[in-house]
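Here the structure comes first, spelled out in structure tokens, and everything after it is commentary.
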Amino acid sequence: MKMGVRRLGRWAGSLLLLLLVLVVAGTGFIYWQLAGSLAQLDGEVRHAALQDAVRIDRDAQGIPMITATDRADSAFALGFLHAQERYFQMDLLRRNSAGELAGLFGAAGLDHDRSLRRHQFRQRAEAALDTLPEAQRHLLDRYVEGVNAGLQELRSQPFEYWLLGTEPESWQAEDTYLALYSMYLDLQPNWAQQEVSRATMRDLLPADWFDFLQPDGGEWDAPLQGEARTFDAPIPEQSLNALAASTQGAPENDTDDWQYQDPIAPGSNNWSVGGGLTEDGTAMLANDMHLGLAVPNIWYRASWVVPAADRVVSGATLPGAPAMVVGSNEHIAWGFTNSFGDYHDVIVLQTRNNDTEYRTPDGWAPIEVVTEQIAVQGEDDYEHRLRRTHWGPVVGRDHQGRLLVMRWVAHDPEGANLNHLLLESASSVEEALPIAQASGIPTQNMLVADRHGDHAWTLMGRIPRRFGDLDGREPADWSDGTRGWDGYLAPEDYPVLRPAQDDRLWSANARVVTGDWLQLVGQGYYALGARQQQIRDSLQAADRFTEADFLALQLDDRALLMRRWRELLLDVLADAEETALLELRAEVEAGALHAAADDVGYRIVRRWREQIIDGTTGVVFRHLRAQAGSAFQPGWVSHRLEYPAWALVSTQPEHQVPAPHASWPEFLLAVARDIHAELTADDATLAEQTWGEFNRAHIVHPLAAEIPVLGRFLRMPDDPLSGDWMLPRVQSPHIGASQRLVVRPGQEAEAIFHMATGQSGHPLSPFFDSGHRDWVEGRPSPLLPGDAAYQLYLLPAGD
């Protein structure tokens, strides 16, 4: 018996040892597989496409300096780096716009693909590629060869494909255009949501309510050209309660639970000052692009020598493209904010024969039906049918059931090109402006500054030339030929502002021009001007600037828009005796009214404003949702609700008291009580409810949630973050400053650059989170690469 127990014990011990060996071996195999997709940092790589040797010096953060004697060779090197560090990201960009995500993710990506296929971006990429000038095509081809070489040189495929059980497909020249189209999808409306929702409002609301809720601007405007507008729409006659009552009996749908929340959308800040306001007479530029935050970051930092041009270009590149997106070339510096102008129009079709034909200026024509195959990982291909017209694709129906077509700059070859590449060789503002105006990118407010002290604003990207009574703000009928597009503006017709060297320029996604220029640009989805105004006023308050001053403005978290809302709340709470309301008042009085991570009072005031907007103008939006369903998208027409909501709460008209309350003071006290209850739910204390507790970073790899346990290594720390949408330091858990840049061209050694994550999306890379703490804490960090820590040579095959 004892013998059997000992033998059993030995067997159990052996089995445990075997299991341990298997676990160690399995872990080692996993590590070996993961490590096989790490970028090569040192040594030599040979390739037949190279004309001469290329040296890539990486610093401790992985930021490369590419030195080549031929520009096409440096494009090859950049492609090589992009592929080794970011190939999965590049693949997602091209698949996103092409509608090919199901090829990676199976049926989970099919709804996205069916929707995006209406744009047919892969076919449009091929058409745009055919228009590329020979010199740019040569450079793009070398970049593509570099991408594929970088992918092939990895010992094993990028780890994401191993996790998905698929293999990466090689990069093609048209894929670079697809990466650009993904930026269109991020920065411009994809389905004409604003125009359709605005038309729904006009049709379903009394005229005074429409005018009240759709102001063109107001006191928060801060345009570069022209003046702020005045919001003077009268209080509507029909009461909120009557509108809400009229909704009763409307068909139930899945849109009735909408509640107002402050919008935060992709955008950016930039500003510049001329040489008269800096120490050495060089103009200075700041730029921070507010985009979705993820692992890896959307941008890849790089510097390269521009052969025969006596300069180095440095800044942020987009993996998938060979150009410097924003940065400096020692002679000029440039940066962007999304202009939010109007670069598409919506056409209401006149149809017959069961919507199979539509009327054109030349008579009736058939709506073309196209069938495409969508590859679905692990399943049979899906056969997808889409409809298109000679104006563009059919994108849906309005609230009256009429077919709608989208005419979009992104659908034309003019909307996508590589002229952006030419900026790296420009030596002055004068040379940069026409390059910007002939570039095919999602149209941006571009600021450019040069080492001579000059700076300027213009629009970078193509602008449609409209004719007829067409302002693009709502869907229109083009069937009689009296309205439409007639090509694109010539560069000489673009708006340009070139101030004196002792003046300032700024933009932050709000309206920047007025009058005839606004007619050219269009009245698009402009942001409320509070952020833009705060930047303008800060610039005008000083007469000398350094890089540190610009960084301080980028990190400015003062919540100036909230001041009057704070005062209103304190007035409401002035005579409060309830314990909950006294707690609220104490925290609000103690707060500094900054969107600071440790501020409780800011979180209370911000929520106060949201709840009041929701309880007033939000009633109207819920009425529209109930009436029109998905034909009304509140988020696309709610960006200036600050004006009507404040008009209601500051004047407190008796006929607009929100139900079920008997008076405005009763309503406002009820909102305050609701906020206290919301913030102290589940036995939480009010003092714990800081802004940072709500505004925690959520910067993760797209596959992190799908990987048990190990997924936590594919994310940045969930730091509490300062900042918000209506002030210079834009920040939310998912959207914020994807980069920050401050630079004087020619003085790049003093420049500042932040990026939200490190250079690599690989969790084993030494660069995975390099620079992230500088971004979180706002510490100055250099634009230029530091001393070389790694050195890689790319050599011609015959050497």
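We label chains A, B, ... in the order they appear in the structure tokens, count residues from 1 in each chain, and number ligands from 1 in the order shown.
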
Going by DSSP on the backbone, which bits of range 496-533 of chain A are helix (DSSP H, G or I)? Write them as number ranges by chain, please. A: 515-521, 530-533

Dump of C-alpha atoms for the selected residues, as a PDB file, in the first residue's frame:
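Produced file result_10.pdb, reproduced below:
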ATOM      1  CA  GLY A 515     -18.935  86.766 -46.745  1.00  0.00           C
ATOM      2  CA  ASP A 516     -17.845  85.686 -50.226  1.00  0.00           C
ATOM      3  CA  TRP A 517     -15.112  83.454 -48.836  1.00  0.00           C
ATOM      4  CA  LEU A 518     -17.634  81.593 -46.721  1.00  0.00           C
ATOM      5  CA  GLN A 519     -19.713  81.034 -49.843  1.00  0.00           C
ATOM      6  CA  LEU A 520     -16.683  79.351 -51.424  1.00  0.00           C
ATOM      7  CA  VAL A 521     -15.807  77.233 -48.394  1.00  0.00           C
ATOM      8  CA  ALA A 530     -15.254  78.763 -27.741  1.00  0.00           C
ATOM      9  CA  ARG A 531     -11.972  76.885 -28.203  1.00  0.00           C
ATOM     10  CA  GLN A 532     -10.960  79.054 -31.148  1.00  0.00           C
ATOM     11  CA  GLN A 533     -11.822  82.209 -29.208  1.00  0.00           C
TER      12      GLN A 533
END

Excluding same-chain residues fewer than 5 positions from Gln377 in chain A, what lies within 7 Å of it counting only C-alpha atoms, as a CSV table (one decimal) with N, CA and C atoms, in the first residue's frame?
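Heads up, here's the output in result01.csv:
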chain,number,residue,atom,x,y,z
A,102,ALA,N,-14.1,42.5,-43.4
A,102,ALA,CA,-14.6,41.1,-43.1
A,102,ALA,C,-13.6,40.1,-43.6
A,103,GLY,N,-12.7,40.5,-44.5
A,103,GLY,CA,-11.6,39.6,-44.9
A,103,GLY,C,-10.7,39.2,-43.7
A,104,LEU,N,-10.6,40.1,-42.7
A,104,LEU,CA,-9.8,39.9,-41.5
A,104,LEU,C,-10.7,39.3,-40.3
A,105,PHE,N,-11.8,40.0,-40.1
A,105,PHE,CA,-12.6,39.7,-38.9
A,105,PHE,C,-13.8,38.9,-39.1
A,106,GLY,N,-14.0,38.4,-40.3
A,106,GLY,CA,-15.2,37.5,-40.6
A,106,GLY,C,-16.5,38.3,-40.6

Report as a Markdown table: every residue of range 448-519 of chain A with an atom at most 6 Å from range 335-358 of chain A, its closest pair of atoms, and their distance in Å to one decimal, counting only C-alpha atoms, with rows sorted by chain and ascending residue number.
| residue | atom | partner | partner_atom | distance |
| --- | --- | --- | --- | --- |
| A:Gly472 | CA | A:Asp345 | CA | 5.3 |
| A:Pro475 | CA | A:Val346 | CA | 4.6 |
| A:Ala476 | CA | A:Ile347 | CA | 5.1 |
| A:Asp477 | CA | A:Val348 | CA | 4.9 |
| A:Asn509 | CA | A:Ser339 | CA | 5.5 |

Export of the given selection (C-alpha atoms) as a PDB file, in the first residue's frame:
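What ended up in part-v5.pdb:
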ATOM      1  CA  GLY A 472     -25.043  72.728 -49.868  1.00  0.00           C
ATOM      2  CA  PRO A 475     -30.436  68.178 -49.949  1.00  0.00           C
ATOM      3  CA  ALA A 476     -31.433  69.660 -53.315  1.00  0.00           C
ATOM      4  CA  ASP A 477     -32.854  68.518 -56.632  1.00  0.00           C
ATOM      5  CA  ASN A 509     -12.459  73.803 -36.365  1.00  0.00           C
TER       6      ASN A 509
END

Identify which of the residues A:Gly43, A:His138, A:Gln261, A:Glu169 lies closest to Arg95 in chain A, counting only C-alpha atoms when measuring atom-to-atom distances.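 Smallest distance to Arg95 in chain A is found for A:Glu169.
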
Can you list, as a PyMOL selection string, every residue of range 309-480 of chain A that DSSP puts in strand (DSSP E or B)? chain A and resi 311-317+324-328+332-338+344-348+351-352+357-360+363-366+368-374+382-388+393-397+403-408+444-450+455-460+464-467+476
